[in-house]
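For reference, entry-v8.cif (mmCIF, C-alpha atoms):
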```cif
data_data
#
loop_
_atom_site.label_atom_id
_atom_site.label_comp_id
_atom_site.auth_asym_id
_atom_site.auth_seq_id
_atom_site.Cartn_x
_atom_site.Cartn_y
_atom_site.Cartn_z
CA MET A 1 -2.42 -15.29 -29.10
CA ARG A 2 1.08 -16.21 -27.98
CA PRO A 3 1.23 -18.42 -24.89
CA THR A 4 2.94 -16.85 -21.92
CA LYS A 5 5.32 -18.71 -19.70
CA PRO A 6 4.30 -18.95 -16.06
CA SER A 7 5.76 -16.30 -13.80
CA PRO A 8 8.44 -17.54 -11.44
CA VAL A 9 7.82 -17.25 -7.72
CA PRO A 10 10.21 -14.41 -6.86
CA ASP A 11 10.03 -14.72 -3.07
CA ALA A 12 9.19 -17.57 -0.72
CA THR A 13 6.40 -15.49 0.86
CA MET A 14 4.76 -14.83 -2.52
CA SER A 15 2.67 -17.61 -4.04
CA ALA A 16 2.88 -18.54 -7.71
CA HIS A 17 -0.72 -17.34 -7.96
CA ILE A 18 0.22 -13.81 -6.81
CA ALA A 19 3.22 -13.72 -9.15
CA GLU A 20 0.97 -14.73 -12.05
CA GLN A 21 -1.66 -12.20 -10.98
CA LEU A 22 0.94 -9.39 -10.95
CA HIS A 23 2.16 -10.49 -14.39
CA ARG A 24 -1.38 -10.40 -15.76
CA LEU A 25 -2.25 -7.05 -14.16
CA LEU A 26 1.00 -5.25 -14.98
CA GLY A 27 2.01 -6.90 -18.25
CA SER A 28 5.46 -7.86 -16.98
CA PRO A 29 6.46 -10.83 -14.82
CA PRO A 30 7.99 -10.31 -11.40
CA LEU A 31 11.72 -10.99 -11.30
CA SER A 32 12.18 -10.48 -7.59
CA ALA A 33 10.18 -9.56 -4.54
CA ARG A 34 11.17 -8.48 -1.08
CA GLU A 35 8.65 -9.02 1.68
CA VAL A 36 7.92 -5.84 3.64
CA ARG A 37 7.64 -6.53 7.35
CA GLY A 38 6.58 -4.39 10.25
CA GLY A 39 3.80 -1.88 10.19
CA TYR A 40 0.36 -2.24 11.63
CA THR A 41 -1.57 -4.32 9.13
CA PRO A 42 -2.02 -8.07 8.65
CA ALA A 43 -1.78 -7.61 4.86
CA CYS A 44 1.01 -9.31 2.94
CA ARG A 45 3.25 -6.69 1.34
CA TRP A 46 6.10 -6.86 -1.15
CA VAL A 47 8.35 -4.52 -3.09
CA VAL A 48 8.44 -6.19 -6.49
CA THR A 49 10.88 -5.68 -9.36
CA LEU A 50 9.31 -6.51 -12.71
CA GLU A 51 11.07 -7.84 -15.80
CA ASP A 52 10.51 -4.49 -17.57
CA GLY A 53 12.49 -2.69 -14.83
CA ARG A 54 9.58 -1.15 -12.92
CA ARG A 55 9.36 -1.50 -9.15
CA VAL A 56 5.98 -1.61 -7.44
CA PHE A 57 4.55 -2.05 -3.96
CA ALA A 58 1.99 -4.87 -3.79
CA LYS A 59 -0.37 -5.37 -0.87
CA GLN A 60 -2.77 -8.30 -0.48
CA ALA A 61 -5.47 -8.86 2.10
CA VAL A 62 -4.90 -12.09 3.97
CA ASP A 63 -7.85 -12.17 6.34
CA GLU A 64 -11.41 -10.89 6.45
CA SER A 65 -10.57 -7.92 8.65
CA ILE A 66 -8.31 -6.33 6.04
CA VAL A 67 -10.51 -6.95 2.96
CA PRO A 68 -12.84 -3.94 3.48
CA ARG A 69 -9.89 -1.75 4.49
CA LEU A 70 -7.99 -2.55 1.31
CA ARG A 71 -11.09 -1.92 -0.79
CA ARG A 72 -11.58 1.38 1.03
CA GLU A 73 -7.95 2.34 0.48
CA ARG A 74 -8.39 1.79 -3.26
CA GLU A 75 -11.63 3.81 -3.29
CA THR A 76 -9.90 6.62 -1.44
CA TYR A 77 -7.08 6.72 -3.99
CA ALA A 78 -9.70 6.87 -6.77
CA HIS A 79 -11.44 9.80 -5.04
CA LEU A 80 -8.41 11.93 -4.14
CA ARG A 81 -6.18 13.90 -6.51
CA GLY A 82 -2.72 15.29 -5.87
CA ASP A 83 0.96 14.77 -6.49
CA TRP A 84 1.27 13.67 -2.86
CA LEU A 85 -0.46 10.35 -3.60
CA PRO A 86 1.31 7.21 -4.76
CA GLN A 87 0.32 6.13 -8.26
CA VAL A 88 -2.14 3.23 -8.31
CA HIS A 89 -0.90 0.68 -10.86
CA ALA A 90 -3.58 -1.98 -10.39
CA PHE A 91 -6.30 -3.29 -8.14
CA GLU A 92 -8.03 -6.62 -8.32
CA ASP A 93 -10.94 -7.35 -6.03
CA GLY A 94 -11.99 -10.76 -4.82
CA ALA A 95 -11.73 -12.85 -1.68
CA CYS A 96 -8.18 -11.53 -1.14
CA PRO A 97 -7.94 -8.17 -2.94
CA LEU A 98 -4.58 -7.08 -4.35
CA LEU A 99 -3.57 -3.41 -4.52
CA VAL A 100 -0.47 -2.43 -6.50
CA LEU A 101 1.00 1.02 -5.90
CA GLU A 102 4.01 3.06 -6.83
CA ASP A 103 7.06 1.89 -4.86
CA LEU A 104 8.15 4.67 -2.51
CA SER A 105 10.78 2.68 -0.61
CA ALA A 106 13.68 4.57 -2.23
CA CYS A 107 12.31 7.91 -1.01
CA HIS A 108 13.80 9.73 1.94
CA TRP A 109 11.96 8.81 5.12
CA PRO A 110 12.89 11.18 7.96
CA PRO A 111 13.88 11.73 10.72
CA PRO A 112 15.83 13.85 10.76
CA TRP A 113 13.49 16.51 9.39
CA SER A 114 14.80 19.58 7.62
CA PRO A 115 12.82 22.85 7.76
CA SER A 116 11.93 22.46 4.05
CA GLN A 117 10.58 18.95 4.69
CA VAL A 118 8.45 20.20 7.58
CA ASP A 119 7.11 22.95 5.28
CA ALA A 120 6.37 20.35 2.57
CA VAL A 121 4.48 18.16 5.06
CA ARG A 122 2.44 21.14 6.25
CA ALA A 123 1.61 22.08 2.65
CA THR A 124 0.61 18.48 1.88
CA LEU A 125 -1.58 18.28 4.98
CA GLY A 126 -3.26 21.48 3.84
CA ALA A 127 -3.89 19.95 0.40
CA VAL A 128 -5.31 16.80 1.98
CA ALA A 129 -7.54 18.83 4.32
CA ALA A 130 -8.85 20.86 1.37
CA HIS A 131 -10.19 17.71 -0.30
CA PRO A 132 -13.80 16.75 0.22
CA VAL A 133 -14.11 13.67 2.41
CA PRO A 134 -14.49 10.55 0.24
CA PRO A 135 -18.12 9.40 0.07
CA GLY A 136 -19.06 6.92 2.77
CA LEU A 137 -15.93 7.46 4.84
CA ARG A 138 -16.81 7.12 8.49
CA ARG A 139 -15.03 8.81 11.36
CA ALA A 140 -12.28 6.63 12.83
CA VAL A 141 -14.04 6.45 16.19
CA GLU A 142 -17.04 4.90 14.41
CA THR A 143 -14.93 2.01 13.07
CA ASP A 144 -12.76 -0.74 14.46
CA ILE A 145 -9.60 1.06 13.29
CA VAL A 146 -9.17 2.61 16.72
CA ASP A 147 -8.80 -0.94 18.01
CA GLY A 148 -5.88 -1.50 15.62
CA GLY A 149 -2.44 0.03 15.39
CA TRP A 150 -2.80 3.35 17.23
CA PRO A 151 -3.40 1.86 20.68
CA GLU A 152 -0.36 -0.33 19.99
CA VAL A 153 1.65 2.80 19.14
CA ALA A 154 0.40 4.46 22.33
CA ARG A 155 1.54 1.47 24.40
CA ASP A 156 5.00 1.39 22.78
CA PRO A 157 5.74 4.44 20.58
CA LYS A 158 9.47 3.74 20.10
CA PRO A 159 9.13 1.42 17.03
CA PHE A 160 6.72 3.84 15.35
CA LEU A 161 8.86 6.88 16.10
CA SER A 162 12.04 5.17 14.95
#
```
Here is the file; what I need is its structure written in the form of structure tokens.
Amino acid sequence: MRPTKPSPVPDATMSAHIAEQLHRLLGSPPLSAREVRGGYTPACRWVVTLEDGRRVFAKQAVDESIVPRLRRERETYAHLRGDWLPQVHAFEDGACPLLVLEDLSACHWPPPWSPSQVDAVRATLGAVAAHPVPPGLRRAVETDIVDGGWPEVARDPKPFLS
């Protein structure tokens, strides 16, 4: 077995451990990473460019509140099928799970919305609604998720709507 060189730390917010973990999981070392800020989760998130040219979105739980949510997100991806889902490249469980998805940052993110985009969203929502609910998924009102981002959006919707 050929020894591998350690992965460089591609971003100050990404530890050498995470860079090495991505290298091991994806078979290519990270060359660069851009931290993704904003949103409504305490997870660490990066858009990562790998040495082989692929770009991925990596998300790591950083506190106990996000660990079950990240595990649930991975389980939901495993349960659902459709071309409307990002591709799951890797998942590693543990004290701080790491989920690696297809990078969608280069996609068009409206507004403005064209009529064909509105139709596509409606069709996608129909496809999502046609899926059986993933096993064990509780209603949002039965979880602590309603204490998270949505009340924050209700208090100040401008950042979300922008």
Task: Non-local contacts of Val62 in chain A (10 Å; all atoms listed in the file; under 6 positions in same chain excluded) as a list in words - done: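 The residues satisfying every condition are Thr41, Pro42, Ala43, Cys44, Ala95, Cys96, Pro97 and Leu98 of chain A.
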Range 139-143 of chain A: axis-aligned bounding box, 8 Å on each side, centre and edge lengths in Å, one decimal, as JSON:
```
{"center_x": -14.7, "center_y": 5.4, "center_z": 13.8, "size_x": 20.8, "size_y": 22.8, "size_z": 20.8}
```
TODO: Give me the result of the PyMOL selection byres ((chain A and resi 53) around 12) on this file, residue by residue, as a list in words.
DONE: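 That selection, the PyMOL selection byres ((chain A and resi 53) around 12), comes back as Leu26, Gly27, Ser28, Pro29, Pro30, Leu31, Ser32, Val48, Thr49, Leu50, Glu51, Asp52, Arg54, Arg55 and Val56 of chain A.
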Task: Nearest to Tyr77 in chain A by atom-to-atom distance, counting only C-alpha atoms, from A:Met14, A:Pro134, A:Cys107, A:Val36 - done: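 Smallest separation from Tyr77 in chain A among the options: A:Pro134.
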Open item on the list: For a quick check of understanding, using all atoms listed in the file, which of A:His108, A:Arg74, A:His23, A:His17 has the smallest distance to Gln87 in chain A?
Closed with: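 Closest to Gln87 in chain A of all the choices is A:Arg74.
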